[in-house]
>>> print(open('final06.cif').read())   # mmCIF, C-alpha atoms and all ligand atoms
data_target
loop_
_atom_site.label_atom_id
_atom_site.label_comp_id
_atom_site.auth_asym_id
_atom_site.auth_seq_id
_atom_site.Cartn_x
_atom_site.Cartn_y
_atom_site.Cartn_z
CA MET V 13 31.67 98.02 97.93
CA SER V 14 29.63 100.52 96.08
CA LEU V 15 26.02 99.54 96.51
CA VAL V 16 25.30 103.20 96.85
CA THR V 17 27.13 104.43 93.78
CA ASP V 18 24.14 103.97 91.50
CA SER V 19 21.49 104.38 94.15
CA GLN V 20 18.65 106.66 93.28
CA LEU V 21 15.31 106.39 94.96
CA GLU V 22 12.13 107.68 93.43
CA THR V 23 8.80 108.52 95.05
CA PRO V 24 5.78 110.24 93.50
CA ARG V 25 7.02 113.74 94.41
CA LEU V 26 10.67 113.21 95.29
CA HIS V 27 13.94 112.10 93.84
CA LEU V 28 16.54 110.87 96.33
CA ARG V 29 20.12 110.80 95.14
CA LEU V 30 23.32 110.32 97.06
CA MET V 31 24.59 113.44 98.78
CA GLN V 32 27.44 115.24 97.02
CA ALA V 33 30.00 117.79 98.19
CA SER V 34 28.38 120.30 95.83
CA ASP V 35 25.15 120.14 97.87
CA VAL V 36 26.66 122.28 100.65
CA ASP V 37 25.01 125.55 99.57
CA ASP V 38 21.56 123.93 99.43
CA LEU V 39 22.13 122.12 102.74
CA LEU V 40 22.89 125.47 104.36
CA TYR V 41 19.26 126.47 103.73
CA ILE V 42 18.40 123.67 106.16
CA PHE V 43 21.22 123.75 108.70
CA GLY V 44 21.54 127.54 108.66
CA ASP V 45 17.90 127.87 109.75
CA PRO V 46 17.27 128.45 113.49
CA LYS V 47 13.89 126.69 113.25
CA VAL V 48 15.59 123.50 112.09
CA MET V 49 18.49 123.71 114.52
CA ALA V 50 16.17 124.29 117.49
CA SER V 51 15.29 120.58 117.12
CA PHE V 52 18.91 119.71 117.86
CA GLY V 53 19.45 122.37 120.52
CA VAL V 54 22.47 123.78 118.69
CA ALA V 55 23.30 127.00 116.84
CA THR V 56 22.96 127.33 113.09
CA PHE V 57 25.84 126.06 110.96
CA ASN V 58 28.15 128.36 109.05
CA ARG V 59 29.59 127.27 105.71
CA GLU V 60 32.68 125.68 107.23
CA GLN V 61 30.63 123.60 109.68
CA MET V 62 28.32 122.58 106.84
CA GLU V 63 31.26 121.46 104.72
CA ARG V 64 32.63 119.37 107.61
CA TRP V 65 29.21 117.80 108.19
CA ALA V 66 28.82 116.96 104.50
CA GLN V 67 32.34 115.53 104.35
CA ARG V 68 31.60 113.26 107.32
CA ASN V 69 28.62 111.93 105.41
CA LEU V 70 30.64 111.39 102.25
CA ASP V 71 33.27 109.52 104.31
CA HIS V 72 30.46 107.43 105.80
CA GLN V 73 29.21 106.52 102.30
CA ASN V 74 32.67 105.34 101.34
CA GLN V 75 33.18 103.38 104.54
CA HIS V 76 29.80 101.67 104.86
CA GLY V 77 28.42 101.60 101.33
CA TYR V 78 25.35 103.64 102.23
CA GLY V 79 24.61 107.03 103.70
CA LEU V 80 22.46 110.09 103.35
CA PHE V 81 20.49 111.00 100.25
CA SER V 82 19.78 114.54 99.14
CA VAL V 83 16.06 114.88 98.63
CA ILE V 84 15.03 116.76 95.50
CA LEU V 85 11.49 118.03 95.01
CA LYS V 86 10.80 116.99 91.43
CA SER V 87 8.31 119.76 90.63
CA GLU V 88 10.84 122.51 91.47
CA GLU V 89 14.10 120.62 90.93
CA LEU V 90 15.05 121.88 94.39
CA LEU V 91 16.97 120.21 97.22
CA ILE V 92 14.54 120.40 100.16
CA GLY V 93 16.01 117.88 102.57
CA ASP V 94 18.27 115.03 103.47
CA CYS V 95 17.20 111.56 104.41
CA GLY V 96 19.19 108.39 104.80
CA LEU V 97 21.15 105.98 106.88
CA GLU V 98 23.95 106.28 109.38
CA HIS V 99 25.82 103.49 111.05
CA MET V 100 26.34 104.09 114.77
CA GLU V 101 26.89 102.43 118.11
CA VAL V 102 24.15 102.79 120.71
CA ASP V 103 24.87 101.52 124.20
CA GLY V 104 27.57 99.20 122.84
CA VAL V 105 25.37 97.76 120.07
CA GLN V 106 25.93 98.39 116.34
CA ALA V 107 22.90 99.96 114.71
CA THR V 108 21.76 101.79 111.58
CA GLU V 109 19.84 104.99 112.07
CA LEU V 110 17.29 106.37 109.65
CA GLY V 111 17.40 110.17 109.80
CA TYR V 112 15.85 113.17 108.03
CA ASP V 113 16.04 116.97 108.01
CA PHE V 114 13.97 119.25 105.79
CA ARG V 115 13.75 122.94 104.87
CA SER V 116 11.29 124.59 107.23
CA ASP V 117 9.40 126.24 104.35
CA TYR V 118 8.49 122.73 103.14
CA TRP V 119 7.41 121.22 106.47
CA ASN V 120 4.09 119.48 107.07
CA GLN V 121 3.45 118.44 103.49
CA GLY V 122 4.38 114.81 104.03
CA PHE V 123 7.80 115.08 102.38
CA ALA V 124 9.83 113.59 105.25
CA THR V 125 7.42 110.68 105.53
CA GLU V 126 7.56 110.08 101.78
CA ALA V 127 11.37 110.14 101.73
CA ALA V 128 11.78 108.09 104.92
CA SER V 129 9.41 105.41 103.61
CA ALA V 130 11.55 105.03 100.49
CA VAL V 131 14.77 104.84 102.53
CA ARG V 132 13.18 102.30 104.91
CA ASP V 133 12.25 100.07 101.95
CA TYR V 134 15.73 100.48 100.45
CA ALA V 135 17.34 99.54 103.79
CA PHE V 136 15.26 96.42 104.20
CA LYS V 137 14.78 95.22 100.61
CA VAL V 138 18.06 96.21 98.96
CA LEU V 139 20.57 96.41 101.81
CA GLN V 140 18.69 93.72 103.76
CA LEU V 141 19.46 95.33 107.09
CA PRO V 142 17.79 93.50 109.98
CA GLN V 143 16.69 96.58 111.90
CA LEU V 144 16.49 100.37 111.72
CA ILE V 145 16.50 102.79 114.61
CA SER V 146 15.88 106.52 114.97
CA LEU V 147 17.15 108.54 117.89
CA ILE V 148 14.79 111.46 118.39
CA ARG V 149 15.35 114.18 120.96
CA VAL V 150 12.59 113.95 123.53
CA GLY V 151 9.97 116.55 122.61
CA ASN V 152 10.63 116.59 118.85
CA MET V 153 7.01 115.84 118.02
CA ALA V 154 7.28 116.26 114.23
CA SER V 155 10.14 113.77 114.00
CA LYS V 156 8.35 111.37 116.37
CA ARG V 157 5.28 111.55 114.13
CA VAL V 158 7.32 110.76 111.02
CA ALA V 159 8.86 107.74 112.74
CA GLU V 160 5.42 106.51 113.77
CA LYS V 161 3.98 107.06 110.29
CA ILE V 162 6.64 104.84 108.69
CA GLY V 163 5.96 102.06 111.16
CA MET V 164 8.59 102.55 113.86
CA GLN V 165 7.86 102.19 117.54
CA CYS V 166 9.42 103.88 120.55
CA THR V 167 11.22 101.16 122.46
CA VAL V 168 13.03 103.02 125.20
CA GLU V 169 14.23 106.44 126.33
CA ILE V 170 18.01 106.77 126.45
CA THR V 171 20.52 109.48 127.29
CA ARG V 172 23.47 110.33 125.04
CA ASN V 173 25.92 113.05 125.99
CA GLY V 174 23.46 114.20 128.63
CA VAL V 175 20.60 114.57 126.13
CA PRO V 176 17.44 112.43 126.43
CA TYR V 177 16.29 110.64 123.27
CA TRP V 178 13.36 108.44 122.31
CA LYS V 179 14.80 105.37 120.65
CA PHE V 180 12.48 104.29 117.84
CA ALA V 181 13.07 100.94 116.15
CA MET V 182 11.66 98.75 113.45
CA GLU V 183 12.51 95.22 112.37
CA GLY V 184 12.59 94.34 108.68
CA PRO V 185 11.22 93.22 106.36
CA THR V 186 7.74 92.67 107.78
CA ASN V 187 5.26 95.40 108.72
CA LEU V 188 6.17 97.91 105.98
CA GLN V 189 3.70 100.79 106.00
CA ALA V 190 3.14 104.24 104.44
C1 LIG V 201 11.09 116.33 111.46
C2 LIG V 201 10.92 116.86 110.04
C3 LIG V 201 11.99 116.23 109.14
C4 LIG V 201 9.54 116.51 109.52
O1 LIG V 201 9.47 116.90 108.17
P1 LIG V 201 8.06 117.09 107.43
O2 LIG V 201 8.30 117.02 105.96
O3 LIG V 201 7.37 118.28 107.96
O4 LIG V 201 7.29 115.76 107.92
P2 LIG V 201 5.87 115.24 107.42
O5 LIG V 201 5.10 116.35 106.79
O6 LIG V 201 6.09 114.00 106.65
O7 LIG V 201 5.17 114.81 108.81
C5 LIG V 201 5.18 115.70 109.91
C6 LIG V 201 4.13 115.23 110.92
O8 LIG V 201 4.41 115.81 112.18
C7 LIG V 201 3.27 116.51 112.62
N1 LIG V 201 3.72 117.62 113.43
C8 LIG V 201 4.46 118.69 113.05
N2 LIG V 201 4.70 119.48 114.12
C9 LIG V 201 4.13 118.87 115.19
C10 LIG V 201 4.03 119.18 116.57
N3 LIG V 201 4.60 120.28 117.08
N4 LIG V 201 3.36 118.33 117.37
C11 LIG V 201 2.79 117.21 116.88
N5 LIG V 201 2.85 116.84 115.58
C12 LIG V 201 3.51 117.68 114.75
C13 LIG V 201 2.56 116.92 111.33
O9 LIG V 201 1.20 117.25 111.59
C14 LIG V 201 2.73 115.65 110.53
O10 LIG V 201 1.88 114.61 110.99
P3 LIG V 201 0.49 114.25 110.26
O11 LIG V 201 0.83 113.87 108.85
O12 LIG V 201 -0.06 113.13 111.05
O13 LIG V 201 -0.37 115.49 110.29
C15 LIG V 201 11.07 118.41 110.01
O14 LIG V 201 10.18 118.94 110.96
C16 LIG V 201 12.49 118.88 110.31
O15 LIG V 201 13.32 118.94 109.41
N6 LIG V 201 12.76 119.23 111.58
C17 LIG V 201 14.08 119.73 111.98
C18 LIG V 201 15.14 118.65 111.90
C19 LIG V 201 14.74 117.41 112.68
O16 LIG V 201 14.09 117.46 113.70
N7 LIG V 201 15.18 116.25 112.15
C20 LIG V 201 14.91 114.97 112.79
C21 LIG V 201 15.93 114.73 113.86
S1 LIG V 201 15.53 113.24 114.76
#
>>> encode(input="final06.cif", output="structure tokens")
Amino acid sequence: MSLVTDSQLETPRLHLRLMQASDVDDLLYIFGDPKVMASFGVATFNREQMERWAQRNLDHQNQHGYGLFSVILKSEELLIGDCGLEHMEVDGVQATELGYDFRSDYWNQGFATEAASAVRDYAFKVLQLPQLISLIRVGNMASKRVAEKIGMQCTVEITRNGVPYWKFAMEGPTNLQA
């Protein structure tokens, strides 16, 4: 199964291509930034942790046929974020999460919303997934706003590993926005 092998998503300002092992240095600009990691309540990644994280995502691509995209800002040919899909189990139910992380020097310009909208449409129209969720740490207002802007709704608050999350969800393929 290699639905993802040729997957490239295009938006007016962004190019989304599948994450590659060679993206680790660029990803470290994101995950090595305390402002980004404050959203997760964890310390910044070093190179080894970044490589492990990237490898987990590459393994996920191979196992599930979809995964995270690296988000390239076309005007600068620069990797400014990641956005994509992750299969997970939430309270015993299989689910696909839409997630996103961006360089803090590119925040609040609508890039996460633009990328997440493209991934949402890909998930529903191409992969034909029935539902997407996003688990957002309670208090992460920027992420909550992105989820709302792409048409997701907070359905319930849950706790995972002692951490409270808003569970956002959206059914496909109706109600596509943004
Ligand atoms: C969440 C994140 C990806 C958003 O990226 P972004 O490119 O800045 O997102 P956008 O510009 O598309 O939208 C951000 C929205 O949040 C709003 N926002 C930002 N900070 C906010 C805050 N503290 N309170 C309320 N709203 C806030 C912005 O005003 C904007 O909404 P608007 O368009 O209605 O004005 C980015 O902040 C990030 O990478 N954070 C760290 C990692 C993270 O939290 N990932 C998500 C894990 S669930």
>>> residues_around(input="final06.cif", residues="Val102 in chain V", least_positions_apart="3", cutoff="10 Å", atoms="all atoms listed in the file", output="NGL selection string")
:V and (99 or 105-109 or 145 or 147 or 170 or 172 or 179)
>>> closest_residue(input="final06.cif", among="V:Gly44, V:Gly53, V:Pro24, V:Gly111", to="ligand LIG 201 (chain V)", atoms="only C-alpha atoms and all ligand atoms")
V:Gly111
>>> residues_around(input="final06.cif", residues="Met49 in chain V", least_positions_apart="2", cutoff="12 Å", atoms="all atoms listed in the file", output="VMD selection string")
chain V and resid 40 to 47 51 to 57 113 to 116 149 152
>>> write_last_selection(input="final06.cif", atoms="C-alpha atoms", output="tab-separated table (two decimals), in the coordinates of the input")
chain	number	residue	atom	x	y	z
V	40	LEU	CA	22.89	125.47	104.36
V	41	TYR	CA	19.26	126.47	103.73
V	42	ILE	CA	18.40	123.67	106.16
V	43	PHE	CA	21.22	123.75	108.70
V	44	GLY	CA	21.54	127.54	108.66
V	45	ASP	CA	17.90	127.87	109.75
V	46	PRO	CA	17.27	128.45	113.49
V	47	LYS	CA	13.89	126.69	113.25
V	51	SER	CA	15.29	120.58	117.12
V	52	PHE	CA	18.91	119.71	117.86
V	53	GLY	CA	19.45	122.37	120.52
V	54	VAL	CA	22.47	123.78	118.69
V	55	ALA	CA	23.30	127.00	116.84
V	56	THR	CA	22.96	127.33	113.09
V	57	PHE	CA	25.84	126.06	110.96
V	113	ASP	CA	16.04	116.97	108.01
V	114	PHE	CA	13.97	119.25	105.79
V	115	ARG	CA	13.75	122.94	104.87
V	116	SER	CA	11.29	124.59	107.23
V	149	ARG	CA	15.35	114.18	120.96
V	152	ASN	CA	10.63	116.59	118.85
>>> residues_near_ligand(input="final06.cif", ligand="ligand LIG 201 (chain V)", cutoff="6 Å", atoms="all atoms listed in the file", output="list in words")
Val48, Ser51, Tyr112, Asp113, Phe114, Trp119, Asn120, Gln121, Gly122, Phe123, Ala124, Thr125, Leu147, Ile148, Met153, Ala154, Ser155, Arg157 and Val158 of chain V
>>> atom_distance(input="final06.cif", atom1="CA of Val175 in chain V", atom2="CA of Val150 in chain V")
8.4 Å
>>> residues_near_point(input="final06.cif", point="(25.5, 112.7, 99.7)", cutoff="6 Å", atoms="all atoms listed in the file", output="VMD selection string")
chain V and resid 30 to 32 70 80 to 81
>>> atom_distance(input="final06.cif", atom1="CA of Asn58 in chain V", atom2="CA of Ala33 in chain V")
15.3 Å
>>> closest_residue(input="final06.cif", among="V:Glu160, V:Glu89, V:Asp71, V:Glu183", to="Ala128 in chain V", atoms="only C-alpha atoms")
V:Glu160
>>> atom_distance(input="final06.cif", atom1="CA of Thr171 in chain V", atom2="CA of Leu39 in chain V")
27.7 Å
>>> residues_around(input="final06.cif", residues="Ala181 in chain V", least_positions_apart="5", cutoff="6 Å", atoms="all atoms listed in the file", output="PyMOL selection string")
chain V and resi 144-145+164-165
>>> closest_residue(input="final06.cif", among="V:Gln140, V:Gly151, V:Asp38, V:Ala159", to="Ile84 in chain V", atoms="all atoms listed in the file")
V:Asp38
>>> decode(input="final06.cif", residues="range 45-56 of chain V", atoms="C-alpha atoms", output="JSON list (two decimals), in the first residue's frame")
[["chain", "number", "residue", "atom", "x", "y", "z"],
["V", 45, "ASP", "CA", 12.49, 25.66, 20.15],
["V", 46, "PRO", "CA", 11.29, 26.14, 23.76],
["V", 47, "LYS", "CA", 8.31, 28.20, 22.55],
["V", 48, "VAL", "CA", 7.05, 25.25, 20.52],
["V", 49, "MET", "CA", 7.78, 22.63, 23.15],
["V", 50, "ALA", "CA", 6.01, 24.64, 25.87],
["V", 51, "SER", "CA", 2.79, 23.59, 24.11],
["V", 52, "PHE", "CA", 3.62, 19.97, 24.88],
["V", 53, "GLY", "CA", 5.03, 20.58, 28.35],
["V", 54, "VAL", "CA", 8.31, 18.85, 27.48],
["V", 55, "ALA", "CA", 11.92, 19.91, 27.00],
["V", 56, "THR", "CA", 13.37, 20.72, 23.59]]
